[in-house]
Amino acid sequence: MEDIELGGPDLIEAREFPILKTFIDPTIILVSSKFDDTVLEKLDPERRNMGDGDSAVYGMPALRSARPVSEFSYDSARSRLVNLKLGHEDGPRITFMTPGDLTAESSEDCMAGDGAVESRQGQLLRLAGWIDVDSRVTVGCAGAVLAYIHRKRAATFLPGDVAAQTMHRISTIEMFTLAGSMFVNADTLLSLQIIQSESHPHSHNQGPAKANSGSKEGLSVYGLFHTLARTPQGKLLLRQYFLRPSTNSEVINERLDSISFLLRTENTEQMDTLVKNLSSIKNMRTVMINLRKGINGNGPSQRCPSNSIWAGIRLFAYHALQIKDCFQGVIGGDWLVIRNKVMEHFHGIQLAEVGKSITEIIDFELSRDNCRNVVRQGVDHDLDELKRTYEGLESLLVQVAQHVAQSVPEELDANINVVFFPQIGFLIAIPQDPITGHGIFEGPEDAPWEKVFTTEEFAYYKNENVIEMDSYFGDIYERICDREIEIIHELAEKILQYEDLLTSASDICAEIDCIMALAQGARNHNLVRPRLTESNILDIRGGRHILQEKVVPNFIPNDTLLAGGEGESANDQQEISSVGPQYRTEDGSVVPSMILVTGPNFSGKSVYLKQVAIIVFMAHVGSFVPATRADIGLTDKIMTRVATRESVSRNQSAFMIDLQQISVALNLATNRSLLIIDEFGKGTDSHDGAGLAAGVFNHLLERGDQCPKILGATHFHEIFESGFLLPHERLAFGHFEVRVDPQSQQIDEQLTYLYNYKQGRSNNSYGTVCAALNGIPSDITNRAEKLVLLAARGEDLVAACAVLSESETKDLEEAEDIAKAFFTMQVSDDPKESLKELLGIK
Ligand SMILES: Nc1ncnc2c1ncn2[C@@H]1O[C@H](COP(=O)(O)OP(=O)(O)OP(=O)(O)O)[C@@H](O)[C@H]1O
């Protein structure tokens with residue numbers, strides 16, 4: 001699968017193992033020995049004492065086996081994949097390589113099993129067509145799995161044992177999707193501008209903080225919503241919604257129901273209250289982790305949980321109660337899942353108890369002033385006594401100072417002070433002699449004072465009086481702090497008993513936050529509720545491109561009608577299944593599975609293709625969509641071949657990337673998938689490109705009831721003209737209306753774009769008009785027009801180019817005359833004059 005971000009180390013510690021826990025029921029878990037033990041235990045706490053996984057037999061309950069880090073390395077995984085034999089031993093050996101091999105020094109080619117030499121480039125393409133080589137962590141893990149199987153095979157059976165080879169045979173390698181979520185890869189997310197920042201599933205090493213910060217999110221679909229999320233946990237969850245749209249209609253409808261409900265006019269007030277309350281909520285998962293760290297004494301500054309943690313928990317309890325009230329107040333929302341979750345999990349009494357306990361113990365005002373947690377008066381008798389003594393120290397100091405003054409010369413006694421420093425204790429402060437740098441009095445001669453330190457103005461000393469005071473009161477401040485730490489520790493332990501309540505309420509707040517963000521987005525961007533259907537169709541009326549419409553003055557909405565093959569989904573991992581007759585429109589015609597859009601440049605083809613994909617994507621996120629009506633059949637994958645994502649790090653040519661995207665799409669597409677193929681094949685020789693494009697389209701159409709839904713755009717008119725792509729009942733054509741005015745003098749005024757989708761094919765790309773529109777000089781575009789005309793007439797362009805214009809002929813004739821005259825010229829004494837005469841120069 002694609003590498004997936006779990007949400008940072010803190011959340012992993014918080015036992016968030018969504019993938020292993022929720023989607024797979026593993027029998028053996030291979031972990032890197034680098035993993036921290038505490039994390040390991042959380043992997044499977046119930047079974048952690050069962051022993052080492054190497055003794056496991058297939059089919060036994062999950063056992064953990066720690067493997068050396070090297071087995072997980074990308075490079076070793078690569079070499080295992082290269083040597084992997086798929087299917088039967090005697091079958092062709094398929095070899096895999098990774099991009100790194102292209103730059104590797106060694107140029108030795110690998111032998112394919114059937115004896116053919118396969119080039120490294122070929123291996124790379126083949127690998128990238130099967131699996132996502134950018135998912136480095138997953139590739140590394142695949143290597144560890146291969147190593148494990150290899151070891152099992154070596155340990156259990158003798159070499160040459162056929163049974164062993166059959167038992168441990170690897171028959172295929174496939175990319176898979178988490179059950180219940182749609183497959184979208186990073187290419188698709190980027191090309192559809194779903195997520196702009198580098199925070200796609202590959203960026204597993206980015207912490208949640210980075211993911212949360214909206215600073216890097218440019219113009220993107222997710223960007224339109226993520227600023228509307230108020231809580232950190234909400235932002236995190238919303239990102240997960242966009243990274244992993246759902247294919248579970250229940251989940252999607254639950255979100256849509258909630259959005260519809262909140263958008264009702266009678267609930268406006270409730271919505272405002274919810275937003276207000278969510279704005280001050282923190283993520284209780286992180287707060288609880290910090291609370292634990294605090295009481296475990298991790299780090300010197302963390303001797304007790306910080307003030308902001310307490311303020312955070314108290315505010316959370318308060319706002320959670322407000323949110324509960326708010327949901328209680330909504331009329332007619334009893335069926336709303338999210339409301340019922342709130343009612344069930346936000347235990348009023350317990351939340352109130354959490355808030356009350358903190359308020360009763362922590363004095364927030366004094367804590368702020370003192371920059372530490374201060375316990376309220378009345379909580380603990382001993383503490384109050386200590387504090388009273390501490391506060392009474394002032395007058396005690398005056399008394400001691402008076403006592404000390406009796407033993408110093410009379411003229412000095414007004415200058416004597418006794419002070420208290422929490423770390424050092426009591427000290428006598430005497431003004432300093434500016435010359436000697438000593439105190440002007442340093443104690444009686446028979447009992448000199450002990451000097452502790454000096455400042456510019458004072459010298460500080462201890463004498464027997466203050467030493468005695470030290471022993472009584474010196475550590476009073478520490479005693480106060482220690483007692484407060486003890487009390488707060490007890491408080492932390494008490495609050496941790498409510499950890500489950502707080503974290504689950506916090507998670508529900510994240511859900512509410514996401515729903516609110518989606519609802520507000522729906523309101524801001526004029527979106528409607530899509531209807532998710534089991535039928536494998538896409539019926540969009542008045543669809544718009546949610547981003548493009550922001551940057552053009554007048555966006556023209558367009559309809560789409562597509563139906564995928566009617567067969568059961570070929571991929572048995574999918575929960576979706578659909579059988580039914582071929583989809584037909586009201587007039588009885590078959591709804592196409594593939595629409596190929598042709599027509600002029602800039603007419604709106606790419607925008608249209610993307611808009612359809614974005615609408616389908618948004619519907620699966622559980623969001624409203626930019627259209628007037630949308631019936632969306634559940635879709636398992638959206639795959640695109642759109643803007644080429646060239647990258648230096650990828651070390652691949654643009655065309656190579658095109659091919660890989662198509663290859664992945666062909667390998668993974670089911671009849672439930674949506675493929676967007678924008679101008680595939682234009683990166684190579686036009687004949688090859690047209691051939692490849694036609695081949696791909698044909699192949700997909702021939703899948704019959706396994707045909708995905710395909711939207712394509714192409715300029716290769718020859719594939720239709722020359723019969724490369726034959727008419728097919730699943731194939732339909734579309735184009736965008738343009739108004740052509742050939743009478744116009746100016747070439748750039750000949751074409752007006754109407755952006756209006758029409759059925760049928762357009763044969764003209766109006767490339768020259770587009771060129772003129774974009775400022776290419778008119779003599780170039782005029783000549784191009786002429787040549788295009790000649791070519792269209794089937795005339796020989798070479799001969800046509802050799803024909804001279806009238807003025808060229810005239811010039812040449814004149815030159816010829818001059819040359820002839822030159823040869824017959826009578827040269828006089830003055831050759832210059834003769835030449836002038838010949839050329840007719842005066
Ligand atoms: N429905 C629409 N309403 C208004 N303007 C539109 C619409 N669709 C596209 N446009 C405008 O037309 C421009 C060109 O659109 P687009 O890139 O889709 O053209 P194209 O047909 O794919 O061109 P090419 O064939 O050169 O790739 C867009 O940038 C946008 O400004």
# chains A, B, ... in the order shown; residues from 1 in each chain; ligands from 1
>>> closest_atom_pairs(of="chain A", to="ligand 1", cutoff="6 Å", atoms="only C-alpha atoms and all ligand atoms", output="JSON lines")
{"residue": "A:Val552", "atom": "CA", "partner": "ligand 1", "partner_atom_place_in_ligand_line": "31 (O)", "distance": 5.6}
{"residue": "A:Asn554", "atom": "CA", "partner": "ligand 1", "partner_atom_place_in_ligand_line": "4 (C)", "distance": 5.6}
{"residue": "A:Phe555", "atom": "CA", "partner": "ligand 1", "partner_atom_place_in_ligand_line": "3 (N)", "distance": 3.5}
{"residue": "A:Ile556", "atom": "CA", "partner": "ligand 1", "partner_atom_place_in_ligand_line": "3 (N)", "distance": 3.8}
{"residue": "A:Pro557", "atom": "CA", "partner": "ligand 1", "partner_atom_place_in_ligand_line": "1 (N)", "distance": 5.5}
{"residue": "A:Asn601", "atom": "CA", "partner": "ligand 1", "partner_atom_place_in_ligand_line": "25 (O)", "distance": 3.6}
{"residue": "A:Phe602", "atom": "CA", "partner": "ligand 1", "partner_atom_place_in_ligand_line": "19 (O)", "distance": 3.3}
{"residue": "A:Ser603", "atom": "CA", "partner": "ligand 1", "partner_atom_place_in_ligand_line": "21 (O)", "distance": 3.9}
{"residue": "A:Gly604", "atom": "CA", "partner": "ligand 1", "partner_atom_place_in_ligand_line": "18 (O)", "distance": 3.2}
{"residue": "A:Lys605", "atom": "CA", "partner": "ligand 1", "partner_atom_place_in_ligand_line": "21 (O)", "distance": 3.8}
{"residue": "A:Ser606", "atom": "CA", "partner": "ligand 1", "partner_atom_place_in_ligand_line": "18 (O)", "distance": 3.6}
{"residue": "A:Val607", "atom": "CA", "partner": "ligand 1", "partner_atom_place_in_ligand_line": "18 (O)", "distance": 3.8}
{"residue": "A:Tyr755", "atom": "CA", "partner": "ligand 1", "partner_atom_place_in_ligand_line": "1 (N)", "distance": 4.8}
>>> atom_distance(atom1="atom CA of A:Thr359", atom2="atom CA of A:Arg376")
8.8 Å
>>> select_by_dssp(residues="stretch 661-730 of chain A", states="strand (DSSP E or B)", output="number ranges by chain")
A: 674-678, 709-713
>>> write_last_selection(atoms="N, CA and C atoms", output="mmCIF file, in the first residue's frame")
data_model
loop_
_atom_site.group_PDB
_atom_site.id
_atom_site.type_symbol
_atom_site.label_atom_id
_atom_site.label_comp_id
_atom_site.auth_asym_id
_atom_site.auth_seq_id
_atom_site.Cartn_x
_atom_site.Cartn_y
_atom_site.Cartn_z
ATOM 1 N N LEU A 674 -12.655 5.280 -11.394
ATOM 2 C CA LEU A 674 -12.782 6.402 -12.325
ATOM 3 C C LEU A 674 -11.387 6.750 -12.837
ATOM 4 N N LEU A 675 -11.232 6.733 -14.157
ATOM 5 C CA LEU A 675 -9.932 7.076 -14.730
ATOM 6 C C LEU A 675 -10.043 8.402 -15.472
ATOM 7 N N ILE A 676 -9.089 9.255 -15.227
ATOM 8 C CA ILE A 676 -9.035 10.537 -15.929
ATOM 9 C C ILE A 676 -7.767 10.506 -16.786
ATOM 10 N N ILE A 677 -7.947 10.509 -18.081
ATOM 11 C CA ILE A 677 -6.773 10.381 -18.958
ATOM 12 C C ILE A 677 -6.712 11.609 -19.858
ATOM 13 N N ASP A 678 -5.864 12.552 -19.455
ATOM 14 C CA ASP A 678 -5.787 13.805 -20.210
ATOM 15 C C ASP A 678 -4.578 13.767 -21.125
ATOM 16 N N LYS A 709 -15.072 3.687 -15.301
ATOM 17 C CA LYS A 709 -15.591 4.923 -15.882
ATOM 18 C C LYS A 709 -14.377 5.741 -16.326
ATOM 19 N N ILE A 710 -14.404 6.170 -17.576
ATOM 20 C CA ILE A 710 -13.214 6.845 -18.095
ATOM 21 C C ILE A 710 -13.600 8.172 -18.721
ATOM 22 N N LEU A 711 -12.861 9.195 -18.332
ATOM 23 C CA LEU A 711 -13.002 10.480 -19.011
ATOM 24 C C LEU A 711 -11.643 10.783 -19.625
ATOM 25 N N GLY A 712 -11.627 10.987 -20.932
ATOM 26 C CA GLY A 712 -10.349 11.244 -21.585
ATOM 27 C C GLY A 712 -10.429 12.494 -22.439
ATOM 28 N N ALA A 713 -9.259 13.105 -22.660
ATOM 29 C CA ALA A 713 -9.203 14.223 -23.611
ATOM 30 C C ALA A 713 -8.051 13.931 -24.542
#
>>> closest_residue(among="A:Gln196, A:Asn185, A:Thr809, A:Ser73", to="A:Ser32", atoms="only C-alpha atoms")
A:Ser73
>>> atom_distance(atom1="atom CA of A:Val597", atom2="atom CA of A:Phe733")
5.8 Å
>>> residues_around(residues="A:Arg672", least_positions_apart="6", cutoff="6 Å", atoms="only C-alpha atoms", output="NGL selection string")
:A and (635-636 or 708)
>>> write_last_selection(atoms="C-alpha atoms", output="CSV table (one decimal), in the first residue's frame")
chain,number,residue,atom,x,y,z
A,635,THR,CA,-16.1,4.5,-6.6
A,636,ASP,CA,-13.2,2.5,-5.3
A,708,PRO,CA,-14.1,1.5,-15.5
>>> residues_around(residues="A:Ala517", least_positions_apart="3", cutoff="10 Å", atoms="only C-alpha atoms", output="list in words")
Leu224, Phe225, His226, Thr227, Leu228, Ala229, Arg230, Gly234, Lys235, Leu238, Ile259, Val275, Glu511, Ile512, Asp513, Cys514, Gln520, Gly521, Ala522, Arg523 and Ser623 of chain A
>>> residues_around(residues="stretch 283-288 of chain A", least_positions_apart="3", cutoff="7 Å", atoms="only C-alpha atoms", output="PDB file with C-alpha atoms, in the first residue's frame")
ATOM      1  CA  ASP A  10       2.782  11.174  20.073  1.00  0.00           C
ATOM      2  CA  ALA A  14      -1.440   6.989  22.149  1.00  0.00           C
ATOM      3  CA  PRO A 232      -6.000  20.745  16.192  1.00  0.00           C
ATOM      4  CA  GLN A 233      -7.609  17.301  16.284  1.00  0.00           C
ATOM      5  CA  LEU A 291      -0.010  14.937  31.609  1.00  0.00           C
ATOM      6  CA  ARG A 292       1.459  11.469  31.843  1.00  0.00           C
ATOM      7  CA  ILE A 309      -2.275  21.583  30.563  1.00  0.00           C
ATOM      8  CA  GLU A 499      -8.548   9.677  30.272  1.00  0.00           C
ATOM      9  CA  LEU A 502     -11.604  12.873  27.699  1.00  0.00           C
ATOM     10  CA  THR A 503      -9.888  11.338  24.691  1.00  0.00           C
ATOM     11  CA  SER A 506     -11.918  14.919  22.137  1.00  0.00           C
TER      12      SER A 506
END
>>> residues_around(residues="stretch 382-395 of chain A", least_positions_apart="4", cutoff="10 Å", atoms="only C-alpha atoms", output="JSON list (two decimals) with C-alpha atoms, in the first residue's frame")
[["chain", "number", "residue", "atom", "x", "y", "z"],
["A", 375, "VAL", "CA", -2.64, 25.27, 44.86],
["A", 376, "ARG", "CA", -5.64, 27.16, 46.17],
["A", 377, "GLN", "CA", -6.04, 28.02, 49.79],
["A", 378, "GLY", "CA", -8.20, 25.61, 51.77],
["A", 399, "GLN", "CA", 12.72, 41.49, 63.95],
["A", 400, "VAL", "CA", 15.89, 39.59, 63.19],
["A", 401, "ALA", "CA", 17.39, 42.64, 61.52],
["A", 418, "VAL", "CA", 18.02, 40.63, 56.71],
["A", 419, "VAL", "CA", 16.75, 39.09, 53.50],
["A", 420, "PHE", "CA", 15.52, 35.68, 52.38],
["A", 473, "PHE", "CA", 12.49, 28.25, 57.86],
["A", 474, "GLY", "CA", 15.22, 27.95, 55.20],
["A", 476, "ILE", "CA", 10.06, 26.59, 53.58],
["A", 477, "TYR", "CA", 9.72, 27.58, 49.98],
["A", 479, "ARG", "CA", 8.41, 22.54, 51.27],
["A", 480, "ILE", "CA", 5.59, 24.60, 49.83],
["A", 481, "CYS", "CA", 6.57, 23.64, 46.27],
["A", 482, "ASP", "CA", 6.95, 19.97, 47.14],
["A", 483, "ARG", "CA", 3.60, 19.84, 48.84],
["A", 484, "GLU", "CA", 1.99, 21.56, 45.87],
["A", 487, "ILE", "CA", -1.24, 17.65, 45.51]]
>>> closest_residue(among="A:Ala352, A:Val221, A:Ile515, A:Ala317", to="A:Leu256", atoms="only C-alpha atoms")
A:Ile515
>>> residues_around(residues="A:Lys34", least_positions_apart="6", cutoff="10 Å", atoms="only C-alpha atoms", output="number ranges by chain")
A: 66-70
>>> closest_residue(among="A:Leu731, A:Ala459, A:Ala819, A:Val374", to="A:Gln759", atoms="only C-alpha atoms")
A:Leu731
